[in-house]
Every structure is written in structure tokens, then in C-alpha cells.
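Below is coords_32.txt, holding compact mmCIF, C-alpha atoms and all ligand atoms.
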# COMPACT_ATOMS: atom_id res chain seq x y z
CA MET V 373 89.15 83.43 101.93
CA ALA V 374 88.94 80.94 99.07
CA GLU V 375 90.28 82.11 95.76
CA LYS V 376 88.25 81.00 92.76
CA THR V 377 89.70 81.01 89.30
CA GLU V 378 86.66 79.60 87.48
CA PRO V 379 83.76 81.90 88.30
CA GLU V 380 80.33 80.44 88.26
CA LYS V 381 78.66 82.21 85.35
CA ARG V 382 75.49 83.87 86.56
CA GLN V 383 74.31 86.91 84.75
CA ILE V 384 73.54 90.00 86.76
CA LYS V 385 70.35 91.50 85.34
CA PHE V 386 70.04 94.81 87.18
CA ARG V 387 73.30 96.62 87.76
CA SER V 388 74.08 99.48 90.13
CA ALA V 389 77.08 101.72 90.55
CA VAL V 390 78.08 103.55 93.72
CA VAL V 391 80.25 106.62 93.18
CA LEU V 392 82.11 107.71 96.31
CA ALA V 393 82.26 111.47 96.63
CA GLY V 394 82.24 112.08 100.36
CA GLY V 395 85.96 112.76 100.78
CA ARG V 396 87.35 116.15 101.71
CA GLY V 397 89.95 116.41 98.94
CA ARG V 398 92.55 117.46 101.49
CA ARG V 399 95.53 116.86 99.19
CA MET V 400 93.99 119.24 96.68
CA GLY V 401 93.23 121.95 99.20
CA MET V 402 89.72 120.77 100.19
CA VAL V 403 88.15 120.96 96.75
CA GLU V 404 85.14 119.02 95.50
CA LYS V 405 87.25 116.83 93.22
CA ALA V 406 84.38 115.18 91.32
CA LEU V 407 83.15 118.62 90.25
CA LEU V 408 86.50 119.72 88.81
CA GLU V 409 86.18 120.53 85.15
CA PHE V 410 88.49 120.04 82.19
CA GLU V 411 87.67 120.51 78.52
CA GLY V 412 84.17 121.64 79.37
CA LYS V 413 83.12 118.64 81.44
CA THR V 414 83.38 117.73 85.10
CA ILE V 415 85.00 114.52 86.28
CA ILE V 416 81.67 113.24 87.58
CA GLU V 417 79.89 113.88 84.25
CA ARG V 418 82.56 111.91 82.39
CA LEU V 419 82.28 109.13 84.93
CA LEU V 420 78.48 108.94 84.79
CA GLU V 421 78.42 108.98 80.99
CA SER V 422 80.70 105.97 80.97
CA LEU V 423 78.94 104.11 83.78
CA PHE V 424 75.46 104.48 82.28
CA LYS V 425 76.59 102.47 79.26
CA VAL V 426 76.64 99.39 81.52
CA VAL V 427 74.64 100.11 84.69
CA ASP V 428 70.94 100.79 85.38
CA GLU V 429 71.27 103.16 88.33
CA VAL V 430 73.94 105.27 90.01
CA ILE V 431 74.12 106.13 93.70
CA LEU V 432 76.21 109.12 94.68
CA SER V 433 77.72 108.50 98.09
CA VAL V 434 78.15 111.88 99.76
CA ARG V 435 78.78 113.05 103.33
CA ASP V 436 75.59 114.93 103.98
CA LYS V 437 72.73 117.03 102.59
CA ASN V 438 75.00 120.03 102.26
CA GLN V 439 77.25 118.19 99.86
CA GLU V 440 74.23 116.79 98.01
CA LYS V 441 73.20 120.39 97.18
CA LYS V 442 76.49 120.94 95.34
CA PHE V 443 75.94 117.90 93.12
CA LYS V 444 72.21 118.41 92.42
CA PRO V 445 72.63 120.85 89.47
CA MET V 446 74.77 118.27 87.68
CA LEU V 447 71.85 115.81 87.65
CA GLU V 448 70.08 117.99 85.08
CA LYS V 449 72.55 116.66 82.51
CA PHE V 450 71.10 113.15 83.02
CA PRO V 451 67.32 113.71 82.97
CA ALA V 452 66.42 110.18 81.90
CA ARG V 453 68.72 108.40 84.32
CA GLU V 454 68.16 106.99 87.77
CA ILE V 455 70.55 108.76 90.12
CA ARG V 456 70.07 108.83 93.90
CA PHE V 457 72.12 110.01 96.85
CA CYS V 458 73.14 108.20 100.00
CA PHE V 459 74.69 109.67 103.12
CA ASP V 460 77.41 108.71 105.58
CA THR V 461 76.38 107.62 109.04
CA LEU V 462 79.79 108.26 110.63
CA GLU V 463 81.83 111.43 110.37
CA ASP V 464 85.00 111.29 108.29
CA ALA V 465 85.28 107.50 108.60
CA GLY V 466 86.50 107.30 105.01
CA PRO V 467 85.32 105.37 101.95
CA LEU V 468 84.17 102.27 103.85
CA ASP V 469 81.24 104.13 105.43
CA GLY V 470 80.31 105.51 102.00
CA ILE V 471 80.45 102.01 100.54
CA ARG V 472 78.12 100.68 103.25
CA ALA V 473 75.61 103.47 102.62
CA GLY V 474 75.81 102.90 98.86
CA LEU V 475 75.29 99.13 99.05
CA LEU V 476 72.32 99.61 101.38
CA GLU V 477 70.75 102.09 98.92
CA SER V 478 71.49 99.92 95.87
CA LYS V 479 68.54 98.06 94.31
CA SER V 480 70.84 95.42 92.93
CA GLU V 481 72.60 92.50 94.60
CA TYR V 482 75.76 93.72 92.82
CA SER V 483 77.27 97.20 92.57
CA PHE V 484 80.32 98.56 90.87
CA ILE V 485 81.97 100.83 93.42
CA CYS V 486 84.44 103.50 92.40
CA ALA V 487 85.95 106.76 93.54
CA GLY V 488 84.42 109.97 92.24
CA ASP V 489 87.84 111.30 91.24
CA MET V 490 88.24 108.82 88.35
CA PRO V 491 87.53 110.59 85.05
CA PHE V 492 88.37 107.74 82.68
CA VAL V 493 86.58 104.69 84.09
CA ASN V 494 86.24 102.33 81.15
CA PHE V 495 82.74 100.86 80.79
CA ARG V 496 84.11 97.75 79.12
CA VAL V 497 86.24 97.06 82.18
CA VAL V 498 83.20 97.64 84.41
CA ASP V 499 81.24 95.20 82.25
CA LEU V 500 84.00 92.60 82.64
CA LEU V 501 83.98 93.03 86.43
CA PHE V 502 80.19 92.50 86.58
CA LYS V 503 80.51 89.35 84.47
CA LYS V 504 83.21 88.00 86.77
CA ALA V 505 81.30 88.90 89.94
CA GLY V 506 78.05 87.12 88.94
CA GLY V 507 77.43 84.21 91.29
CA ASN V 508 80.35 85.25 93.52
CA ASP V 509 80.86 87.81 96.28
CA ALA V 510 83.09 90.32 94.49
CA ALA V 511 85.37 90.90 91.52
CA LEU V 512 88.52 92.79 92.44
CA PRO V 513 91.32 93.94 90.09
CA ARG V 514 94.71 92.61 91.18
CA TRP V 515 98.11 93.97 90.15
CA GLU V 516 101.14 91.80 89.43
CA ASP V 517 102.60 92.74 92.84
CA ARG V 518 99.38 91.54 94.52
CA LYS V 519 98.10 95.02 95.19
CA PHE V 520 94.40 95.56 94.58
CA GLU V 521 91.99 98.22 93.30
CA PRO V 522 89.22 98.06 95.90
CA LEU V 523 87.74 101.39 94.76
CA HIS V 524 87.22 100.09 91.23
CA ALA V 525 85.51 96.76 91.86
CA VAL V 526 82.15 94.99 91.90
CA TYR V 527 80.75 93.86 95.25
CA SER V 528 77.66 91.97 96.36
CA LYS V 529 75.58 93.11 99.31
CA LYS V 530 77.31 90.40 101.35
CA LEU V 531 79.97 93.03 101.98
CA VAL V 532 77.62 95.01 104.27
CA PRO V 533 77.68 92.67 107.32
CA GLU V 534 81.45 92.34 106.93
CA ILE V 535 81.75 96.16 106.99
CA GLU V 536 79.68 96.23 110.20
CA LYS V 537 82.05 93.71 111.79
CA ALA V 538 85.11 95.69 110.63
CA PHE V 539 83.75 98.90 112.19
CA GLU V 540 82.98 97.04 115.42
CA LYS V 541 86.66 96.11 115.55
CA GLY V 542 87.66 99.71 114.76
CA ARG V 543 88.96 98.82 111.31
CA CYS V 544 88.32 101.27 108.44
CA SER V 545 90.49 99.85 105.68
CA VAL V 546 88.38 98.88 102.66
CA LEU V 547 90.21 95.60 102.12
CA THR V 548 89.54 94.30 105.67
CA PRO V 549 85.88 93.33 105.08
CA VAL V 550 86.51 92.39 101.44
CA PHE V 551 88.93 89.65 102.46
CA GLU V 552 86.43 88.26 104.96
CA MET V 553 84.12 87.24 102.11
CA GLN V 554 84.29 83.70 100.75
CA ASP V 555 84.13 84.00 96.99
CA VAL V 556 86.20 86.94 95.84
CA ILE V 557 87.27 86.70 92.23
CA PHE V 558 90.55 88.37 91.35
CA VAL V 559 90.84 89.90 87.91
CA ASP V 560 94.45 90.18 86.83
CA ILE V 561 95.59 93.50 85.49
CA SER V 562 96.83 91.75 82.33
CA GLU V 563 93.20 90.94 81.48
CA ILE V 564 92.17 94.54 82.05
CA ARG V 565 95.10 95.76 79.96
CA GLU V 566 93.65 93.88 76.98
CA ILE V 567 90.66 96.22 77.16
CA ASP V 568 92.40 99.39 78.36
CA PRO V 569 96.12 99.19 77.38
CA GLU V 570 97.13 102.32 79.31
CA LEU V 571 94.98 101.39 82.32
CA ARG V 572 93.48 104.86 82.36
CA THR V 573 90.43 103.32 84.00
CA PHE V 574 92.26 103.43 87.37
CA ALA V 575 93.54 107.00 87.06
CA ASN V 576 92.39 109.17 89.96
CA ILE V 577 93.01 112.77 90.79
CA ASN V 578 94.46 113.38 94.23
CA THR V 579 96.71 116.43 93.83
CA VAL V 580 96.93 119.59 91.76
CA GLU V 581 99.83 117.91 89.96
CA ASP V 582 97.62 114.92 89.00
CA MET V 583 95.12 117.37 87.53
CA GLU V 584 97.80 119.24 85.58
CA ASN V 585 99.24 115.98 84.23
CA MET V 586 95.80 114.84 83.16
CA ILE V 587 95.08 118.08 81.32
CA GLY V 588 98.56 117.92 79.77
CA SER V 589 98.04 114.38 78.49
CA ALA V 590 94.59 115.27 77.14
CA VAL V 591 96.08 118.22 75.22
CA LYS V 592 98.91 116.01 73.88
CA LYS V 593 96.36 113.45 72.69
CA GLU V 594 94.43 116.16 70.85
CA LYS V 595 97.54 117.45 69.07
CA GLY V 596 99.09 114.07 68.34
N1 LIG R 1 81.06 108.74 101.19
C1 LIG R 1 82.34 108.95 101.52
N2 LIG R 1 83.29 108.94 100.54
C2 LIG R 1 84.58 109.15 100.91
C3 LIG R 1 84.97 109.42 102.24
N3 LIG R 1 86.32 109.61 102.28
C4 LIG R 1 86.75 109.46 101.02
N4 LIG R 1 85.71 109.19 100.17
C5 LIG R 1 85.78 109.02 98.73
O1 LIG R 1 86.62 107.92 98.46
C6 LIG R 1 87.36 108.16 97.26
C7 LIG R 1 88.84 107.92 97.49
O2 LIG R 1 89.34 108.84 98.46
P1 LIG R 1 90.55 109.83 98.19
O3 LIG R 1 91.09 109.71 96.83
O4 LIG R 1 91.50 109.74 99.35
O5 LIG R 1 89.78 111.23 98.24
P2 LIG R 1 89.64 112.27 99.40
O6 LIG R 1 89.42 111.57 100.71
O7 LIG R 1 88.63 113.25 98.97
O8 LIG R 1 91.07 112.99 99.32
P3 LIG R 1 92.14 113.33 100.44
O9 LIG R 1 91.43 114.10 101.50
O10 LIG R 1 93.16 114.15 99.71
O11 LIG R 1 92.65 111.97 100.89
C8 LIG R 1 87.05 109.58 96.83
O12 LIG R 1 86.14 109.49 95.76
C9 LIG R 1 86.42 110.20 98.05
O13 LIG R 1 85.43 111.18 97.72
C10 LIG R 1 83.94 109.46 103.25
O14 LIG R 1 84.18 109.70 104.45
N5 LIG R 1 82.65 109.22 102.82
MG MG R 2 91.84 109.21 95.03

Using C-alpha cells, write down the structure that the file contains.
Amino acid sequence: MAEKTEPEKRQIKFRSAVVLAGGRGRRMGMVEKALLEFEGKTIIERLLESLFKVVDEVILSVRDKNQEKKFKPMLEKFPAREIRFCFDTLEDAGPLDGIRAGLLESKSEYSFICAGDMPFVNFRVVDLLFKKAGGNDAALPRWEDRKFEPLHAVYSKKLVPEIEKAFEKGRCSVLTPVFEMQDVIFVDISEIREIDPELRTFANINTVEDMENMIGSAVKKEKG
């Protein structure tokens, strides 16, 4: 994989987002995490409100029709927006199968892909990732210790054939196909920190404790 530092500037005109929601929420006791509510709003509503500031359509990547039914009522809050569902083809294969379904459903060459348990995704960071991805294969946030945020990144449809190859080899890790692409742009966390100093954009809710901490910090912010 070649690392590019100077991205070719090509503007992406139509932008899509794929929100992954097909997980089982095992660490939280099998709850529908995206539909968890705090301060009168669900995580998914917060996420969609932010995303629609910078994308033209959102695809909700769910397991199956049964799960779709649970999310349908929420769509009424976004009557003027283009929101569609896509469905997994494998059972419990994890986010990579949801990403494949989302990219295939997407009308755009480029999609921002994120987890549905991220209530504070920052639209300015999403905008930055789209700008970096234009003309390349992906824009992926990279931490100082070289860890990545593959579930908060922009990908082109070129990822789909790489996902197919990964599955053929029995690999389900999201990063496996990403690193097979040629032109992946890395966006250093320091650049994202300039937009979102506390990096709340990456916060995701995996446990009851995460949820309690998030509510606690929201209450503190209100008081302070
Ligand atoms: N479409 C789809 N999305 C998935 C699948 N597995 C996980 N995801 C989503 O990928 C994101 C990151 O996964 P996790 O944070 O581990 O969520 P989870 O799988 O529900 O939680 P745990 O069961 O506790 O690991 C979440 O938004 C999940 O909904 C899957 O098989 N299909
Ligand atoms: Mg998570």
C-alpha cells in the first residue's frame, strides 16, 4: 500500500454515509444501541442530524428486515431526507459485511462509514475526511501510536472487491481489505483535534458504563 501525503484534490459532489447498526450489542446485554436515548434523543437521531449537514443520503446497514422494523419509526423525524436500508448477506460476520452491503447500496463513489453507536460524530471532521478522500481510495484517521479508526472513515467503492477477497480468505477484520487498496490517505489525529479538541467524534457506546459516563459528562457540561 502506498502512503500519500499530498492528496490529489478532487471534489466529491454527491456524498453518502453508511451507518452500521447490525451488531448485537452483546456487551450491553443485547440492546439496540443506536436506539438508546439520552436527553430526549436517540443516538441514531443525533448521528443523522450531524451527518445530514455534510452528506446527501444515509444508508442504515442492518442485519435483516426484522431489525429494519425497529428503526423505521425513527425515519419520521427526517421526512425530507434520503434514508435507505441495506441488509447483511452473511450471518453475524461483523461490520465488514455491513460495510460491503452499504457501499453496494450507496449512490456515491465515496461514503463515510461509521458505527451506529457514535452519538457525537462531528460533521466538520466528516467534511475533512471527504475532502481528503477525493481522488483517492480512502481517508482513514490515524492515532499517534499508528492505530486507526476504520469505523469513522471515508471509503471509495474500490473497497468492495477487496472485501470479497478478504472473505474468500476467511478474513473479517475491517482493516484487512482497507490496506489492500493503493491510495489510502491517513489523517493524523492532531489534525482532527484542531476541529474537535476532545475527540468526541470517535466516542462509541459499548457498555452500560460507557452510557453512564456519557450521560454524566453531558450533565456536567450542562451545569458547568
Ligand atoms: N451490518 C452489520 N453491522 C454490524 C455487525 N456487527 C457489528 N456491526 C456494527 O458495527 C459497529 C461496531 O460494532 P460494535 O461496537 O462491536 O457493536 P456490536 O457488535 O453491536 O457490540 P458487541 O456485540 O458488544 O461487540 C456497531 O455499530 C455495530 O452495530 C454486523 O454483523 N452487521
Ligand atoms: Mg462500538

Exercise. Counting all atoms listed in the file, name the residues that have an atom within 9 Å of an atom of ligand MG 2 (chain R); the answer should be given as a ChimeraX atom specification.
Key: /V:395,397,487-490,523,575-579

- Item | Long-range neighbours of V:Leu432 as a ChimeraX atom specification, 10 Å cut-off, only C-alpha atoms, 6 positions minimum in chain | /V:389-394,416,440,443,455-459,470,473-474,477,488

Go ahead and write the residues just picked, C-alpha atoms, as a PDB file, in the frame of the given file.
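The result, written out as selection.pdb:
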ATOM      1  CA  ALA V 389      77.080 101.720  90.550  1.00  0.00           C
ATOM      2  CA  VAL V 390      78.080 103.550  93.720  1.00  0.00           C
ATOM      3  CA  VAL V 391      80.250 106.620  93.180  1.00  0.00           C
ATOM      4  CA  LEU V 392      82.110 107.710  96.310  1.00  0.00           C
ATOM      5  CA  ALA V 393      82.260 111.470  96.630  1.00  0.00           C
ATOM      6  CA  GLY V 394      82.240 112.080 100.360  1.00  0.00           C
ATOM      7  CA  ILE V 416      81.670 113.240  87.580  1.00  0.00           C
ATOM      8  CA  GLU V 440      74.230 116.790  98.010  1.00  0.00           C
ATOM      9  CA  PHE V 443      75.940 117.900  93.120  1.00  0.00           C
ATOM     10  CA  ILE V 455      70.550 108.760  90.120  1.00  0.00           C
ATOM     11  CA  ARG V 456      70.070 108.830  93.900  1.00  0.00           C
ATOM     12  CA  PHE V 457      72.120 110.010  96.850  1.00  0.00           C
ATOM     13  CA  CYS V 458      73.140 108.200 100.000  1.00  0.00           C
ATOM     14  CA  PHE V 459      74.690 109.670 103.120  1.00  0.00           C
ATOM     15  CA  GLY V 470      80.310 105.510 102.000  1.00  0.00           C
ATOM     16  CA  ALA V 473      75.610 103.470 102.620  1.00  0.00           C
ATOM     17  CA  GLY V 474      75.810 102.900  98.860  1.00  0.00           C
ATOM     18  CA  GLU V 477      70.750 102.090  98.920  1.00  0.00           C
ATOM     19  CA  GLY V 488      84.420 109.970  92.240  1.00  0.00           C
TER      20      GLY V 488
END

Report the distance between atom CA of V:Glu454 and atom CA of V:Ser483 in Å, rounded to one decimal place.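 Atom-to-atom, atom CA of V:Glu454 to atom CA of V:Ser483, that is 14.2 Å.
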
Box centre and edge lengths (Å, one decimal), axis-aligned, stretch 542-553 of chain V plus 3 Å each side, as lines of an AutoDock Vina configuration file:
center_x = 87.3
center_y = 94.3
center_z = 108.1
size_x = 12.4
size_y = 20.0
size_z = 19.3

Residue neighbourhood V:Gly466, 10 Å, only C-alpha atoms, exclusion window fewer than 3 positions, as a JSON list (two decimals) with C-alpha atoms, keeping the file's coordinate frame:
[["chain", "number", "residue", "atom", "x", "y", "z"],
["V", 392, "LEU", "CA", 82.11, 107.71, 96.31],
["V", 394, "GLY", "CA", 82.24, 112.08, 100.36],
["V", 395, "GLY", "CA", 85.96, 112.76, 100.78],
["V", 396, "ARG", "CA", 87.35, 116.15, 101.71],
["V", 435, "ARG", "CA", 78.78, 113.05, 103.33],
["V", 460, "ASP", "CA", 77.41, 108.71, 105.58],
["V", 462, "LEU", "CA", 79.79, 108.26, 110.63],
["V", 463, "GLU", "CA", 81.83, 111.43, 110.37],
["V", 469, "ASP", "CA", 81.24, 104.13, 105.43],
["V", 470, "GLY", "CA", 80.31, 105.51, 102.00],
["V", 471, "ILE", "CA", 80.45, 102.01, 100.54],
["V", 544, "CYS", "CA", 88.32, 101.27, 108.44],
["V", 545, "SER", "CA", 90.49, 99.85, 105.68],
["V", 546, "VAL", "CA", 88.38, 98.88, 102.66]]

Residue with smallest distance to V:Arg518 - pool V:Phe502, V:Phe551, V:Phe558, V:Phe539, counting all atoms listed in the file: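 Comparing V:Phe502, V:Phe551, V:Phe558, V:Phe539 against V:Arg518, the winner is V:Phe558.
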
Original post:
Which of these, V:Arg387, V:His524, V:Lys530, V:Lys442, has the shortest distance to ligand LIG 1 (chain R) once you count all atoms listed in the file?
Top reply: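 Of all the options, V:His524 lies closest to ligand LIG 1 (chain R).
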
Of V:Arg572, V:Lys537, V:Arg543, V:Arg514, the one sitting nearest V:Asn494 when using all atoms listed in the file is V:Arg572

Calculate how many Å separate atom CA of V:Asn508 from atom CA of V:Tyr527, rounding to one decimal.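 So the answer is 8.8 Å.
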
Minimum-distance residue to V:Glu534, chosen among V:Val430, V:Leu423, V:Val550, V:Leu408 (using all atoms listed in the file)
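Nearest to V:Glu534: V:Val550.
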
Residues near V:Phe424, cut-off 9 Å, only C-alpha atoms, skip fewer than 4 positions along chain, as a list in words: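 So the residues in contact are Ala389, Leu419, Leu420, Asp428, Glu429, Val430, Arg453 and Phe495 of chain V.
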
Distance of atom CA of V:Lys385 from atom CA of V:Gly506, expressed in Å to one decimal place:
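Separation between atom CA of V:Gly506 and atom CA of V:Lys385: 9.6 Å.
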
Open item on the list: List the spatial neighbours of V:Ser528 as a PyMOL selection string - criterion: any atom at most 10 Å away, only C-alpha atoms, same-chain residues fewer than 3 positions off excluded.
Closed with: chain V and resi 475+480-484+505-511+531-532+553+556

Worksheet item: Pick the closest to V:Leu571 from V:Phe410, V:Phe520, V:Phe492, V:Phe386: which is it, counting only C-alpha atoms?
Response: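 The answer is V:Phe492, which sits nearest to V:Leu571.
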
Check the smallest atom-to-atom distance from each of V:Ile431, V:Ile564, V:Ile557, V:Val497 to V:Leu447 using all atoms listed in the file, then report the winner.
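For V:Leu447, the nearest of the candidates is V:Ile431.
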
Need the shell around V:Asp499: protein/DNA/RNA residues with any atom at most 9 Å away, counting only C-alpha atoms. Skip same-chain ones fewer than 5 positions apart. Format as a PDB file with C-alpha atoms, in the frame of the given file?
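Output saved as selection00.pdb:
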ATOM      1  CA  VAL V 426      76.640  99.390  81.520  1.00  0.00           C
ATOM      2  CA  VAL V 427      74.640 100.110  84.690  1.00  0.00           C
ATOM      3  CA  ASN V 494      86.240 102.330  81.150  1.00  0.00           C
ATOM      4  CA  LYS V 504      83.210  88.000  86.770  1.00  0.00           C
TER       5      LYS V 504
END

Any chance you could turn stretch 389-497 of chain V into a file with C-alpha atoms, as a tab-separated table (two decimals), in the first residue's frame?
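Output saved as result04.tsv:
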chain	number	residue	atom	x	y	z
V	389	ALA	CA	-22.92	7.89	4.68
V	390	VAL	CA	-23.29	4.28	5.80
V	391	VAL	CA	-24.29	3.82	9.44
V	392	LEU	CA	-23.55	0.34	10.76
V	393	ALA	CA	-26.26	-0.90	13.08
V	394	GLY	CA	-26.30	-4.64	12.55
V	395	GLY	CA	-24.37	-5.62	15.68
V	396	ARG	CA	-25.94	-7.48	18.57
V	397	GLY	CA	-24.78	-5.16	21.36
V	398	ARG	CA	-23.61	-8.17	23.36
V	399	ARG	CA	-21.51	-6.13	25.80
V	400	MET	CA	-24.59	-4.11	26.68
V	401	GLY	CA	-26.84	-7.12	27.15
V	402	MET	CA	-28.08	-7.40	23.53
V	403	VAL	CA	-29.64	-3.95	23.28
V	404	GLU	CA	-30.25	-1.94	20.11
V	405	LYS	CA	-27.51	0.55	20.93
V	406	ALA	CA	-28.32	3.09	18.21
V	407	LEU	CA	-31.84	3.43	19.62
V	408	LEU	CA	-30.68	4.19	23.17
V	409	GLU	CA	-31.93	7.55	24.29
V	410	PHE	CA	-30.41	10.27	26.45
V	411	GLU	CA	-31.72	13.78	26.99
V	412	GLY	CA	-34.73	13.07	24.83
V	413	LYS	CA	-32.90	11.92	21.72
V	414	THR	CA	-31.62	8.58	20.48
V	415	ILE	CA	-28.01	8.05	19.48
V	416	ILE	CA	-29.03	7.47	15.86
V	417	GLU	CA	-31.04	10.71	15.70
V	418	ARG	CA	-28.05	12.69	16.98
V	419	LEU	CA	-25.83	10.95	14.47
V	420	LEU	CA	-28.15	11.54	11.50
V	421	GLU	CA	-28.66	15.21	12.39
V	422	SER	CA	-24.92	15.70	12.29
V	423	LEU	CA	-24.32	13.63	9.16
V	424	PHE	CA	-27.01	15.37	7.10
V	425	LYS	CA	-25.11	18.65	7.46
V	426	VAL	CA	-22.49	17.21	5.09
V	427	VAL	CA	-23.95	14.19	3.25
V	428	ASP	CA	-26.77	13.77	0.70
V	429	GLU	CA	-28.00	10.32	1.68
V	430	VAL	CA	-27.69	7.89	4.59
V	431	ILE	CA	-27.79	4.11	4.37
V	432	LEU	CA	-28.60	2.22	7.53
V	433	SER	CA	-26.77	-1.09	7.49
V	434	VAL	CA	-28.86	-3.57	9.47
V	435	ARG	CA	-28.91	-7.35	9.81
V	436	ASP	CA	-32.32	-8.09	8.37
V	437	LYS	CA	-35.91	-6.93	7.82
V	438	ASN	CA	-36.76	-7.59	11.44
V	439	GLN	CA	-34.20	-5.09	12.60
V	440	GLU	CA	-35.29	-2.63	9.89
V	441	LYS	CA	-38.77	-2.59	11.51
V	442	LYS	CA	-37.29	-1.31	14.77
V	443	PHE	CA	-35.60	1.63	13.03
V	444	LYS	CA	-38.46	2.59	10.69
V	445	PRO	CA	-40.38	4.80	13.19
V	446	MET	CA	-37.26	6.91	13.67
V	447	LEU	CA	-37.28	7.86	9.97
V	448	GLU	CA	-40.37	10.01	10.57
V	449	LYS	CA	-38.08	12.53	12.24
V	450	PHE	CA	-36.29	13.05	8.90
V	451	PRO	CA	-39.15	13.37	6.38
V	452	ALA	CA	-37.19	15.36	3.81
V	453	ARG	CA	-34.08	13.20	3.89
V	454	GLU	CA	-32.97	10.28	1.79
V	455	ILE	CA	-32.50	7.32	4.12
V	456	ARG	CA	-32.42	3.71	2.90
V	457	PHE	CA	-31.66	0.36	4.46
V	458	CYS	CA	-29.27	-2.35	3.38
V	459	PHE	CA	-29.01	-5.89	4.70
V	460	ASP	CA	-26.25	-8.32	5.59
V	461	THR	CA	-25.69	-11.29	3.32
V	462	LEU	CA	-23.79	-13.35	5.91
V	463	GLU	CA	-24.91	-14.09	9.45
V	464	ASP	CA	-23.00	-12.40	12.27
V	465	ALA	CA	-19.93	-11.81	10.10
V	466	GLY	CA	-19.41	-8.43	11.76
V	467	PRO	CA	-19.06	-4.89	10.43
V	468	LEU	CA	-17.23	-5.85	7.21
V	469	ASP	CA	-20.34	-7.50	5.75
V	470	GLY	CA	-22.38	-4.42	6.70
V	471	ILE	CA	-19.81	-2.19	5.02
V	472	ARG	CA	-19.99	-4.22	1.81
V	473	ALA	CA	-23.80	-4.01	1.75
V	474	GLY	CA	-23.66	-0.27	2.45
V	475	LEU	CA	-21.13	0.51	-0.28
V	476	LEU	CA	-23.13	-1.52	-2.79
V	477	GLU	CA	-26.30	0.43	-1.89
V	478	SER	CA	-24.54	3.81	-1.92
V	479	LYS	CA	-25.21	6.09	-4.91
V	480	SER	CA	-21.89	7.80	-4.44
V	481	GLU	CA	-18.36	6.71	-5.28
V	482	TYR	CA	-17.45	7.78	-1.72
V	483	SER	CA	-19.14	7.01	1.59
V	484	PHE	CA	-18.41	7.98	5.14
V	485	ILE	CA	-18.77	4.80	7.17
V	486	CYS	CA	-19.32	4.86	10.90
V	487	ALA	CA	-20.68	2.81	13.75
V	488	GLY	CA	-24.25	3.46	14.86
V	489	ASP	CA	-23.17	3.73	18.48
V	490	MET	CA	-21.37	7.07	17.98
V	491	PRO	CA	-23.55	9.89	19.30
V	492	PHE	CA	-21.13	12.78	18.77
V	493	VAL	CA	-19.80	12.36	15.23
V	494	ASN	CA	-18.58	15.80	14.24
V	495	PHE	CA	-19.77	16.88	10.78
V	496	ARG	CA	-16.72	19.10	10.32
V	497	VAL	CA	-14.47	16.07	10.79
